[in-house]
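Have a look at input-v4.cif; it's mmCIF, C-alpha atoms:
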```cif
data_my_file
#
loop_
_atom_site.group_PDB
_atom_site.id
_atom_site.type_symbol
_atom_site.label_atom_id
_atom_site.label_comp_id
_atom_site.auth_asym_id
_atom_site.auth_seq_id
_atom_site.Cartn_x
_atom_site.Cartn_y
_atom_site.Cartn_z
ATOM 1 C CA MET T 27 188.357 109.519 104.459
ATOM 2 C CA THR T 28 186.673 106.309 103.366
ATOM 3 C CA ASP T 29 183.316 108.064 103.019
ATOM 4 C CA GLN T 30 184.867 110.676 100.720
ATOM 5 C CA MET T 31 186.353 107.995 98.518
ATOM 6 C CA THR T 32 183.076 106.088 98.163
ATOM 7 C CA ALA T 33 181.199 109.352 97.496
ATOM 8 C CA THR T 34 183.005 109.806 94.195
ATOM 9 C CA PRO T 35 180.887 108.087 91.499
ATOM 10 C CA THR T 36 182.557 106.075 88.761
ATOM 11 C CA ARG T 37 179.482 105.094 86.741
ATOM 12 C CA ILE T 38 176.180 106.910 86.200
ATOM 13 C CA ALA T 39 172.925 105.302 85.065
ATOM 14 C CA GLY T 40 170.120 107.082 83.226
ATOM 15 C CA VAL T 41 166.846 105.903 84.799
ATOM 16 C CA ARG T 42 163.430 106.375 83.203
ATOM 17 C CA PHE T 43 160.220 106.165 85.243
ATOM 18 C CA GLN T 44 157.793 106.307 82.315
ATOM 19 C CA ARG T 45 157.878 104.622 78.908
ATOM 20 C CA VAL T 46 158.415 107.982 77.204
ATOM 21 C CA GLY T 47 159.886 110.126 79.932
ATOM 22 C CA LYS T 48 162.863 112.181 80.998
ATOM 23 C CA LEU T 49 166.052 110.444 82.104
ATOM 24 C CA TYR T 50 167.247 110.974 85.675
ATOM 25 C CA HIS T 51 170.853 110.275 86.615
ATOM 26 C CA PHE T 52 171.839 108.039 89.526
ATOM 27 C CA ASP T 53 175.112 106.673 90.843
ATOM 28 C CA CYS T 54 175.361 102.933 90.114
ATOM 29 C CA SER T 55 179.032 102.453 91.022
ATOM 30 C CA GLU T 56 178.156 99.779 93.587
ATOM 31 C CA LEU T 57 176.173 97.724 91.035
ATOM 32 C CA PRO T 58 178.721 96.852 88.299
ATOM 33 C CA ASP T 59 176.514 94.137 86.763
ATOM 34 C CA LEU T 60 173.626 96.467 85.901
ATOM 35 C CA ALA T 61 172.501 96.302 82.276
ATOM 36 C CA ILE T 62 170.211 98.418 80.094
ATOM 37 C CA GLY T 63 166.621 97.301 80.623
ATOM 38 C CA ASP T 64 167.050 96.297 84.270
ATOM 39 C CA HIS T 65 164.461 97.562 86.757
ATOM 40 C CA VAL T 66 165.841 99.279 89.855
ATOM 41 C CA ILE T 67 164.576 100.890 93.045
ATOM 42 C CA VAL T 68 165.722 104.469 93.662
ATOM 43 C CA ASP T 69 165.050 107.164 96.233
ATOM 44 C CA THR T 70 163.338 110.295 94.861
ATOM 45 C CA VAL T 71 161.614 113.364 96.305
ATOM 46 C CA ARG T 72 158.382 111.356 96.046
ATOM 47 C CA GLY T 73 159.786 108.419 97.989
ATOM 48 C CA GLU T 74 161.044 105.100 96.663
ATOM 49 C CA GLN T 75 160.219 104.580 92.988
ATOM 50 C CA MET T 76 160.845 101.872 90.431
ATOM 51 C CA GLY T 77 162.566 102.856 87.197
ATOM 52 C CA GLN T 78 164.247 101.197 84.257
ATOM 53 C CA ILE T 79 167.867 101.589 83.163
ATOM 54 C CA ALA T 80 167.987 103.312 79.766
ATOM 55 C CA ALA T 81 171.662 104.311 79.394
ATOM 56 C CA PHE T 82 175.020 104.661 81.128
ATOM 57 C CA TYR T 83 177.223 107.761 81.326
ATOM 58 C CA PRO T 84 180.556 108.807 82.811
ATOM 59 C CA PRO T 85 180.103 111.145 85.807
ATOM 60 C CA GLU T 86 180.333 114.888 85.270
ATOM 61 C CA GLU T 87 183.713 116.233 86.326
ATOM 62 C CA GLY T 88 183.684 117.535 89.869
ATOM 63 C CA ARG T 89 180.103 116.476 90.610
ATOM 64 C CA THR T 90 179.535 114.133 93.567
ATOM 65 C CA ASP T 91 175.887 114.812 94.522
ATOM 66 C CA TYR T 92 174.325 111.966 92.549
ATOM 67 C CA LYS T 93 171.765 109.889 94.435
ATOM 68 C CA ARG T 94 172.535 106.181 94.531
ATOM 69 C CA ILE T 95 170.472 103.353 93.123
ATOM 70 C CA LEU T 96 169.222 101.477 96.182
ATOM 71 C CA ARG T 97 168.958 98.023 94.665
ATOM 72 C CA LEU T 98 167.796 95.881 91.797
ATOM 73 C CA ALA T 99 164.064 95.287 91.607
ATOM 74 C CA THR T 100 163.062 91.796 92.703
ATOM 75 C CA PRO T 101 160.362 89.588 91.100
ATOM 76 C CA ARG T 102 158.160 90.535 94.059
ATOM 77 C CA ASP T 103 158.662 94.257 93.312
ATOM 78 C CA LEU T 104 157.662 93.712 89.682
ATOM 79 C CA LEU T 105 154.551 91.786 90.721
ATOM 80 C CA LEU T 106 153.614 94.558 93.168
ATOM 81 C CA LYS T 107 154.006 97.155 90.421
ATOM 82 C CA GLN T 108 151.729 95.196 88.100
ATOM 83 C CA THR T 109 149.132 94.771 90.841
ATOM 84 C CA TRP T 110 148.985 98.457 91.739
ATOM 85 C CA GLU T 111 148.978 99.584 88.096
ATOM 86 C CA ALA T 112 145.840 97.491 87.590
ATOM 87 C CA LYS T 113 144.128 99.604 90.283
ATOM 88 C CA GLN T 114 144.906 102.948 88.619
ATOM 89 C CA PRO T 115 141.776 103.203 86.387
ATOM 90 C CA GLU T 116 139.559 102.534 89.434
ATOM 91 C CA ALA T 117 141.408 105.206 91.433
ATOM 92 C CA LEU T 118 140.955 107.771 88.652
ATOM 93 C CA SER T 119 137.252 107.022 88.406
ATOM 94 C CA ALA T 120 136.872 107.369 92.185
ATOM 95 C CA CYS T 121 138.743 110.698 92.120
ATOM 96 C CA ARG T 122 136.363 112.113 89.501
ATOM 97 C CA GLU T 123 133.372 110.906 91.482
ATOM 98 C CA ILE T 124 134.591 112.464 94.734
ATOM 99 C CA ALA T 125 135.394 115.761 92.960
ATOM 100 C CA THR T 126 131.851 115.867 91.570
ATOM 101 C CA GLN T 127 130.348 115.227 95.000
ATOM 102 C CA LEU T 128 132.431 117.966 96.630
ATOM 103 C CA GLY T 129 131.632 120.480 93.874
ATOM 104 C CA GLY T 130 133.722 123.388 92.673
ATOM 105 C CA TYR T 131 136.029 121.305 90.476
ATOM 106 C CA GLU T 132 134.111 121.618 87.210
ATOM 107 C CA ARG T 133 137.054 123.381 85.562
ATOM 108 C CA CYS T 134 139.437 120.590 86.534
ATOM 109 C CA LYS T 135 140.247 117.756 84.158
ATOM 110 C CA PHE T 136 141.542 114.686 85.963
ATOM 111 C CA LEU T 137 143.828 112.861 83.575
ATOM 112 C CA ALA T 138 145.567 109.951 85.267
ATOM 113 C CA ALA T 139 146.114 108.168 88.544
ATOM 114 C CA GLN T 140 149.587 106.751 89.125
ATOM 115 C CA TYR T 141 150.541 104.436 91.985
ATOM 116 C CA SER T 142 154.135 103.943 93.064
ATOM 117 C CA TYR T 143 155.373 100.395 92.567
ATOM 118 C CA ASP T 144 154.471 99.380 96.162
ATOM 119 C CA GLY T 145 151.256 101.394 96.459
ATOM 120 C CA SER T 146 152.674 103.742 99.089
ATOM 121 C CA THR T 147 151.944 106.861 96.990
ATOM 122 C CA LEU T 148 149.025 107.712 94.700
ATOM 123 C CA THR T 149 149.554 110.694 92.381
ATOM 124 C CA ILE T 150 146.575 112.279 90.621
ATOM 125 C CA LEU T 151 147.481 114.298 87.514
ATOM 126 C CA TYR T 152 145.084 117.096 86.596
ATOM 127 C CA SER T 153 144.900 120.212 84.436
ATOM 128 C CA THR T 154 142.950 123.430 84.929
ATOM 129 C CA ASP T 155 142.915 127.010 83.724
ATOM 130 C CA ASP T 156 141.824 128.235 87.169
ATOM 131 C CA ASN T 157 144.899 128.427 89.412
ATOM 132 C CA ARG T 158 142.859 129.793 92.317
ATOM 133 C CA LEU T 159 141.121 126.482 92.984
ATOM 134 C CA ASN T 160 141.489 125.122 96.503
ATOM 135 C CA MET T 161 142.659 121.538 95.992
ATOM 136 C CA ASN T 162 143.064 120.806 99.727
ATOM 137 C CA ARG T 163 139.429 119.717 100.160
ATOM 138 C CA LEU T 164 139.813 117.161 97.402
ATOM 139 C CA LYS T 165 143.189 115.982 98.674
ATOM 140 C CA ASN T 166 141.816 115.403 102.183
ATOM 141 C CA ALA T 167 138.840 113.455 100.830
ATOM 142 C CA LEU T 168 141.074 111.319 98.622
ATOM 143 C CA SER T 169 143.483 110.661 101.505
ATOM 144 C CA GLU T 170 140.599 109.234 103.553
ATOM 145 C CA ARG T 171 139.419 107.117 100.644
ATOM 146 C CA PHE T 172 142.796 105.665 99.649
ATOM 147 C CA SER T 173 144.474 105.373 103.063
ATOM 148 C CA PRO T 174 147.147 104.187 103.838
ATOM 149 C CA SER T 175 148.494 105.403 100.460
ATOM 150 C CA ARG T 176 149.795 108.961 100.499
ATOM 151 C CA VAL T 177 147.855 111.089 97.980
ATOM 152 C CA GLU T 178 149.467 113.807 95.864
ATOM 153 C CA LEU T 179 147.748 116.132 93.384
ATOM 154 C CA ARG T 180 149.983 117.352 90.567
ATOM 155 C CA GLN T 181 148.955 119.959 87.994
ATOM 156 C CA VAL T 182 150.300 119.540 84.458
ATOM 157 C CA GLY T 183 150.347 121.826 81.410
ATOM 158 C CA PRO T 184 148.688 121.475 77.978
ATOM 159 C CA ARG T 185 151.672 119.705 76.407
ATOM 160 C CA ASP T 186 151.733 117.128 79.208
ATOM 161 C CA VAL T 187 147.990 116.599 78.733
ATOM 162 C CA ALA T 188 148.537 115.746 75.073
ATOM 163 C CA LYS T 189 151.414 113.444 76.039
ATOM 164 C CA LEU T 190 149.235 111.566 78.515
ATOM 165 C CA LEU T 191 146.224 111.251 76.221
ATOM 166 C CA GLY T 192 148.212 110.230 73.139
ATOM 167 C CA GLY T 193 146.352 110.017 69.835
ATOM 168 C CA MET T 194 147.177 111.205 66.332
ATOM 169 C CA GLY T 195 148.834 114.461 65.368
ATOM 170 C CA ALA T 196 147.786 116.794 62.559
ATOM 171 C CA CYS T 197 150.328 115.040 60.296
ATOM 172 C CA GLY T 198 148.407 111.775 60.548
ATOM 173 C CA ILE T 199 150.852 109.822 62.702
ATOM 174 C CA PRO T 200 151.010 109.339 66.516
ATOM 175 C CA ARG T 201 151.958 112.491 68.396
ATOM 176 C CA CYS T 202 155.676 113.139 68.884
ATOM 177 C CA CYS T 203 155.163 113.924 72.570
ATOM 178 C CA SER T 204 153.656 110.497 73.294
ATOM 179 C CA THR T 205 156.056 108.457 71.138
ATOM 180 C CA PHE T 206 159.617 109.748 71.517
ATOM 181 C CA LEU T 207 159.853 113.273 72.979
ATOM 182 C CA THR T 208 161.137 113.064 76.543
ATOM 183 C CA GLU T 209 161.368 116.833 77.168
ATOM 184 C CA PHE T 210 159.577 119.888 75.789
ATOM 185 C CA SER T 211 161.837 122.532 74.241
ATOM 186 C CA PRO T 212 160.829 126.227 74.063
ATOM 187 C CA ILE T 213 159.054 126.947 70.757
ATOM 188 C CA SER T 214 158.654 130.446 69.258
ATOM 189 C CA ILE T 215 156.807 131.922 66.290
ATOM 190 C CA LYS T 216 160.209 132.893 64.852
ATOM 191 C CA MET T 217 160.887 129.226 64.100
ATOM 192 C CA ALA T 218 157.889 129.103 61.772
ATOM 193 C CA LYS T 219 158.906 132.356 60.050
ATOM 194 C CA VAL T 220 162.469 131.178 59.397
ATOM 195 C CA GLN T 221 161.169 127.977 57.792
ATOM 196 C CA GLY T 222 158.668 129.840 55.632
ATOM 197 C CA ILE T 223 155.676 128.106 57.232
ATOM 198 C CA SER T 224 152.281 129.781 57.075
ATOM 199 C CA LEU T 225 151.471 131.625 60.296
ATOM 200 C CA ASP T 226 147.851 130.479 60.121
ATOM 201 C CA PRO T 227 147.096 129.095 63.636
ATOM 202 C CA SER T 228 145.675 125.910 62.134
ATOM 203 C CA GLU T 229 149.030 125.286 60.429
ATOM 204 C CA ILE T 230 151.380 125.817 63.365
ATOM 205 C CA THR T 231 149.259 124.871 66.396
ATOM 206 C CA GLY T 232 149.296 121.349 67.785
ATOM 207 C CA MET T 233 146.443 119.367 69.282
ATOM 208 C CA CYS T 234 147.412 120.753 72.711
ATOM 209 C CA GLY T 235 146.685 124.319 71.590
ATOM 210 C CA ARG T 236 150.371 125.297 71.709
ATOM 211 C CA LEU T 237 152.902 125.767 68.920
ATOM 212 C CA ARG T 238 153.833 122.419 67.396
ATOM 213 C CA CYS T 239 156.904 120.711 68.844
ATOM 214 C CA CYS T 240 158.039 119.732 65.336
ATOM 215 C CA LEU T 241 158.782 123.392 64.510
ATOM 216 C CA ILE T 242 162.124 122.987 66.264
ATOM 217 C CA PHE T 243 163.203 119.814 64.473
ATOM 218 C CA GLU T 244 164.666 121.502 61.363
ATOM 219 C CA TYR T 245 165.004 125.059 62.681
ATOM 220 C CA GLU T 246 168.807 125.016 63.057
ATOM 221 C CA GLN T 247 169.267 123.629 59.539
ATOM 222 C CA TYR T 248 167.157 126.458 58.102
ATOM 223 C CA VAL T 249 169.074 129.085 60.091
ATOM 224 C CA GLU T 250 172.394 127.714 58.815
ATOM 225 C CA ALA T 251 171.141 127.464 55.222
ATOM 226 C CA ARG T 252 169.864 131.074 55.243
ATOM 227 C CA LYS T 253 173.201 132.561 56.312
ATOM 228 C CA GLY T 254 174.607 132.743 52.771
ATOM 229 C CA LEU T 255 171.366 133.820 51.081
ATOM 230 C CA PRO T 256 170.020 137.382 50.598
ATOM 231 C CA LYS T 257 166.761 138.345 52.285
ATOM 232 C CA ARG T 258 163.529 139.196 50.508
ATOM 233 C CA ASN T 259 163.370 142.509 48.605
ATOM 234 C CA LYS T 260 167.178 142.697 48.375
ATOM 235 C CA ARG T 261 168.646 143.817 45.042
ATOM 236 C CA VAL T 262 170.937 141.265 43.425
ATOM 237 C CA ARG T 263 172.866 140.741 40.228
ATOM 238 C CA THR T 264 172.391 137.408 38.445
ATOM 239 C CA PRO T 265 173.424 135.868 35.100
ATOM 240 C CA HIS T 266 169.972 136.979 33.866
ATOM 241 C CA GLY T 267 170.439 140.603 34.948
ATOM 242 C CA GLU T 268 169.677 142.721 37.985
ATOM 243 C CA GLY T 269 166.532 142.090 39.992
ATOM 244 C CA LYS T 270 164.843 141.839 43.387
ATOM 245 C CA VAL T 271 164.589 138.776 45.628
ATOM 246 C CA LEU T 272 160.992 137.589 45.910
ATOM 247 C CA ASP T 273 161.417 134.389 47.896
ATOM 248 C CA VAL T 274 164.145 132.420 49.689
ATOM 249 C CA HIS T 275 164.548 128.636 49.399
ATOM 250 C CA PRO T 276 167.087 127.646 52.102
ATOM 251 C CA LEU T 277 167.091 123.907 51.453
ATOM 252 C CA GLN T 278 167.657 124.485 47.720
ATOM 253 C CA ASP T 279 170.398 127.028 48.463
ATOM 254 C CA ALA T 280 168.647 129.372 46.017
ATOM 255 C CA VAL T 281 166.299 132.356 45.771
ATOM 256 C CA THR T 282 163.558 133.447 43.406
ATOM 257 C CA VAL T 283 164.527 136.695 41.649
ATOM 258 C CA LEU T 284 162.157 138.984 39.742
ATOM 259 C CA ILE T 285 163.830 140.539 36.684
ATOM 260 C CA GLY T 286 161.404 142.711 34.782
ATOM 261 C CA GLU T 287 158.277 140.586 34.880
ATOM 262 C CA VAL T 288 160.042 137.220 34.752
ATOM 263 C CA ARG T 289 160.935 135.081 37.758
ATOM 264 C CA TYR T 290 164.155 133.064 37.905
ATOM 265 C CA LEU T 291 165.380 130.483 40.397
ATOM 266 C CA VAL T 292 169.022 131.421 41.012
ATOM 267 C CA LYS T 293 171.589 129.440 43.024
ATOM 268 C CA ARG T 294 173.615 131.169 45.744
ATOM 269 C CA GLU T 295 176.912 131.006 43.863
ATOM 270 C CA ASP T 296 175.371 132.983 40.966
ATOM 271 C CA LEU T 297 174.200 135.882 43.158
ATOM 272 C CA VAL T 298 175.906 139.234 43.760
ATOM 273 C CA PRO T 299 174.253 141.391 46.481
ATOM 274 C CA LEU T 300 174.116 144.871 44.959
ATOM 275 C CA ASP T 301 173.162 146.822 48.093
ATOM 276 C CA GLU T 302 176.189 145.564 50.024
ATOM 277 C CA LEU T 303 178.483 145.933 47.017
ATOM 278 C CA GLU T 304 177.459 149.554 46.421
ATOM 279 C CA ALA T 305 177.854 150.359 50.124
ATOM 280 C CA LEU T 306 181.425 149.035 50.071
ATOM 281 C CA GLU T 307 182.229 151.031 46.927
ATOM 282 C CA ARG T 308 180.900 154.251 48.477
ATOM 283 C CA LYS T 309 182.936 153.686 51.614
ATOM 284 C CA ALA T 310 186.092 153.048 49.613
ATOM 285 C CA GLN T 311 185.623 156.230 47.569
ATOM 286 C CA SER T 312 184.788 158.499 50.503
ATOM 287 C CA GLY T 313 187.924 157.640 52.505
ATOM 288 C CA CYS T 314 188.084 158.436 56.191
ATOM 289 C CA ALA T 315 185.291 160.816 57.264
ATOM 290 C CA ARG T 316 187.418 162.235 60.123
ATOM 291 C CA HIS T 317 190.690 162.552 58.223
ATOM 292 C CA GLU T 318 190.339 166.240 57.374
ATOM 293 C CA SER T 319 189.195 167.320 60.837
ATOM 294 C CA GLY T 320 192.387 166.148 62.516
ATOM 295 C CA GLY T 321 190.676 163.408 64.500
ATOM 296 C CA CYS T 322 191.436 160.589 62.077
ATOM 297 C CA ASP T 323 191.663 157.126 63.581
ATOM 298 C CA CYS T 324 192.240 155.181 60.377
ATOM 299 C CA GLY T 325 196.032 155.408 60.667
ATOM 300 C CA ALA T 326 196.631 157.633 57.630
ATOM 301 C CA LYS T 327 197.743 160.634 59.688
ATOM 302 C CA ARG T 328 200.006 158.467 61.790
ATOM 303 C CA ALA T 329 201.423 156.846 58.685
ATOM 304 C CA GLU T 330 202.410 160.191 57.060
ATOM 305 C CA PRO T 331 204.857 161.369 59.813
ATOM 306 C CA ALA T 332 206.312 157.875 59.962
ATOM 307 C CA ALA T 333 206.876 157.878 56.211
ATOM 308 C CA ALA T 334 208.399 161.359 56.358
ATOM 309 C CA ALA T 335 210.723 160.279 59.177
ATOM 310 C CA ALA T 336 211.827 157.298 57.127
ATOM 311 C CA GLU T 337 212.611 159.583 54.156
ATOM 312 C CA ASP T 338 214.661 161.904 56.425
ATOM 313 C CA ASP T 339 216.650 158.932 57.660
ATOM 314 C CA GLU T 340 217.376 157.900 54.083
ATOM 315 C CA ASP T 341 218.481 161.462 53.201
ATOM 316 C CA THR T 342 220.780 161.522 56.225
ATOM 317 C CA GLU T 343 222.316 158.197 55.291
ATOM 318 C CA ASP T 344 222.877 159.454 51.749
ATOM 319 C CA ALA T 345 224.483 162.633 53.032
ATOM 320 C CA ASP T 346 226.775 160.668 55.315
ATOM 321 C CA SER T 347 227.816 158.499 52.442
ATOM 322 C CA TRP T 348 228.711 161.525 50.315
ATOM 323 C CA GLU T 349 230.982 162.750 53.079
#
```
Would you encode the structure as structure tokens?
Amino acid sequence: MTDQMTATPTRIAGVRFQRVGKLYHFDCSELPDLAIGDHVIVDTVRGEQMGQIAAFYPPEEGRTDYKRILRLATPRDLLLKQTWEAKQPEALSACREIATQLGGYERCKFLAAQYSYDGSTLTILYSTDDNRLNMNRLKNALSERFSPSRVELRQVGPRDVAKLLGGMGACGIPRCCSTFLTEFSPISIKMAKVQGISLDPSEITGMCGRLRCCLIFEYEQYVEARKGLPKRNKRVRTPHGEGKVLDVHPLQDAVTVLIGEVRYLVKREDLVPLDELEALERKAQSGCARHESGGCDCGAKRAEPAAAAAEDDEDTEDADSWE
């Protein structure tokens, strides 16, 4: 009974393991004095790791499977972390050297070596376009070289490569992925089309070779702004006359309309969509297409007997009154 009561978290901490990284949620109910910025030791699938408190949250309703924060990091833990981080460049250089000696890893790019705070685990991050490579030979060689640390090899994708390397984006400022993006959202070519961005690969492709992450930043605003505007080539009526939509400007809430050989910028409130208007007029004039065949479902046939029955009732009442 006591175990069940203590298993229910009352306070959740968001812990970050990298400066610009995803937040992982841990139960910190037993550490009420924790503050944002504190370093803590937590248990992960890769063993004990040191992270930093970035935020606090209430627990999700009904969820009790949060892992607990083990303890606050001590000054000794922080010194250990600094010591092992200083050895990471040497470990990466040694990994590249061993891979060259073994041979067969020419299509591998070794990006970073990351020690856990106490040096118990060494993770080598690499990228490759050849998923058939046998990495066991390299892992065994590295395990012998860096014993007693446990060696892990982890493959990362193109976006993670750009995040690790950093640098400047095509816009001239530091890359979003290495400055503030903590997760990569799915990006599609549709996002560029909706925003009217050129589909030239040089315009929409990031330094990682994938579609730029910034395509999603304003996508929802463009979708919402386009809802009340006609699409290209639609016929519209404007204060200047009838014409055809040439271009859509969502953020201006307007469209460019060609009337004759003159172009006008027309606001949404001054537009009347002719195609839709004419379709409604034709439908109103034609009535119900199934009315005459006896299969009408518009209610007209059902309304007629009801109206006739009402008239009969009125006639009966009148006749009774004459009596």
So which one's closest to Ala251 of chain T, T:Val271, T:Val220, T:Leu225, T:Ala117? Using only C-alpha atoms, please. T:Val220
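Once Arg158 of chain T and its same-chain neighbours fewer than 2 positions away are set aside, T:Gly130, T:Tyr131, T:Arg133, T:Cys134, T:Thr154, T:Asp155, T:Asp156, T:Asn160, T:Met161, T:Asn162 remain within 12 Å of it when counting only C-alpha atoms.
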Find the residues near Leu272 of chain T: any atom within 12 Å, counting only C-alpha atoms, skip ones fewer than 4 places away on the same chain, and give them as a list in words.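 What passes the distance filter is Pro256, Lys257, Arg258, Asn259, Lys260, Arg261, Val262, Ala280, Val281, Thr282, Val283, Leu284, Ile285, Glu287, Val288, Arg289, Tyr290, Leu291 and Val292 of chain T.
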Picked residues, the PyMOL selection byres ((chain T and resi 50) around 6), as a VMD selection string: chain T and resid 40 to 41 49 51
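With distances restricted to only C-alpha atoms, T:Gly47 is the closest residue to Cys203 of chain T from T:Gly47, T:Pro58, T:Glu302, T:Asp91.
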Dump of segment 217-231 of chain T from preceding block, N, CA and C atoms, as a PDB file, in the first residue's frame:
```
ATOM      1  N   MET T 217       4.533  22.473 -47.632  1.00  0.00           N
ATOM      2  CA  MET T 217       4.715  23.657 -46.797  1.00  0.00           C
ATOM      3  C   MET T 217       5.321  24.808 -47.594  1.00  0.00           C
ATOM      4  N   ALA T 218       6.220  24.475 -48.512  1.00  0.00           N
ATOM      5  CA  ALA T 218       6.811  25.510 -49.365  1.00  0.00           C
ATOM      6  C   ALA T 218       5.781  26.026 -50.363  1.00  0.00           C
ATOM      7  N   LYS T 219       4.960  25.130 -50.920  1.00  0.00           N
ATOM      8  CA  LYS T 219       3.951  25.542 -51.895  1.00  0.00           C
ATOM      9  C   LYS T 219       2.924  26.486 -51.268  1.00  0.00           C
ATOM     10  N   VAL T 220       2.454  26.142 -50.070  1.00  0.00           N
ATOM     11  CA  VAL T 220       1.444  26.966 -49.403  1.00  0.00           C
ATOM     12  C   VAL T 220       1.965  28.374 -49.135  1.00  0.00           C
ATOM     13  N   GLN T 221       3.260  28.493 -48.855  1.00  0.00           N
ATOM     14  CA  GLN T 221       3.842  29.794 -48.531  1.00  0.00           C
ATOM     15  C   GLN T 221       4.330  30.539 -49.761  1.00  0.00           C
ATOM     16  N   GLY T 222       4.148  29.924 -50.939  1.00  0.00           N
ATOM     17  CA  GLY T 222       4.543  30.590 -52.174  1.00  0.00           C
ATOM     18  C   GLY T 222       6.042  30.683 -52.364  1.00  0.00           C
ATOM     19  N   ILE T 223       6.790  29.773 -51.739  1.00  0.00           N
ATOM     20  CA  ILE T 223       8.251  29.778 -51.856  1.00  0.00           C
ATOM     21  C   ILE T 223       8.664  29.010 -53.102  1.00  0.00           C
ATOM     22  N   SER T 224       9.688  29.516 -53.776  1.00  0.00           N
ATOM     23  CA  SER T 224      10.200  28.840 -54.969  1.00  0.00           C
ATOM     24  C   SER T 224      10.594  27.410 -54.627  1.00  0.00           C
ATOM     25  N   LEU T 225      10.267  26.479 -55.531  1.00  0.00           N
ATOM     26  CA  LEU T 225      10.585  25.076 -55.307  1.00  0.00           C
ATOM     27  C   LEU T 225      11.974  24.707 -55.821  1.00  0.00           C
ATOM     28  N   ASP T 226      12.768  25.709 -56.150  1.00  0.00           N
ATOM     29  CA  ASP T 226      14.160  25.485 -56.533  1.00  0.00           C
ATOM     30  C   ASP T 226      14.877  24.844 -55.334  1.00  0.00           C
ATOM     31  N   PRO T 227      15.547  23.690 -55.531  1.00  0.00           N
ATOM     32  CA  PRO T 227      16.209  23.010 -54.407  1.00  0.00           C
ATOM     33  C   PRO T 227      17.146  23.916 -53.614  1.00  0.00           C
ATOM     34  N   SER T 228      17.797  24.844 -54.279  1.00  0.00           N
ATOM     35  CA  SER T 228      18.720  25.733 -53.566  1.00  0.00           C
ATOM     36  C   SER T 228      17.984  26.685 -52.633  1.00  0.00           C
ATOM     37  N   GLU T 229      16.683  26.879 -52.864  1.00  0.00           N
ATOM     38  CA  GLU T 229      15.891  27.793 -52.047  1.00  0.00           C
ATOM     39  C   GLU T 229      15.252  27.116 -50.835  1.00  0.00           C
ATOM     40  N   ILE T 230      14.995  25.833 -50.931  1.00  0.00           N
ATOM     41  CA  ILE T 230      14.251  25.161 -49.856  1.00  0.00           C
ATOM     42  C   ILE T 230      15.051  24.065 -49.158  1.00  0.00           C
ATOM     43  N   THR T 231      16.294  23.837 -49.590  1.00  0.00           N
ATOM     44  CA  THR T 231      17.119  22.791 -48.997  1.00  0.00           C
ATOM     45  C   THR T 231      18.123  23.394 -48.034  1.00  0.00           C
TER      46      THR T 231
END
```
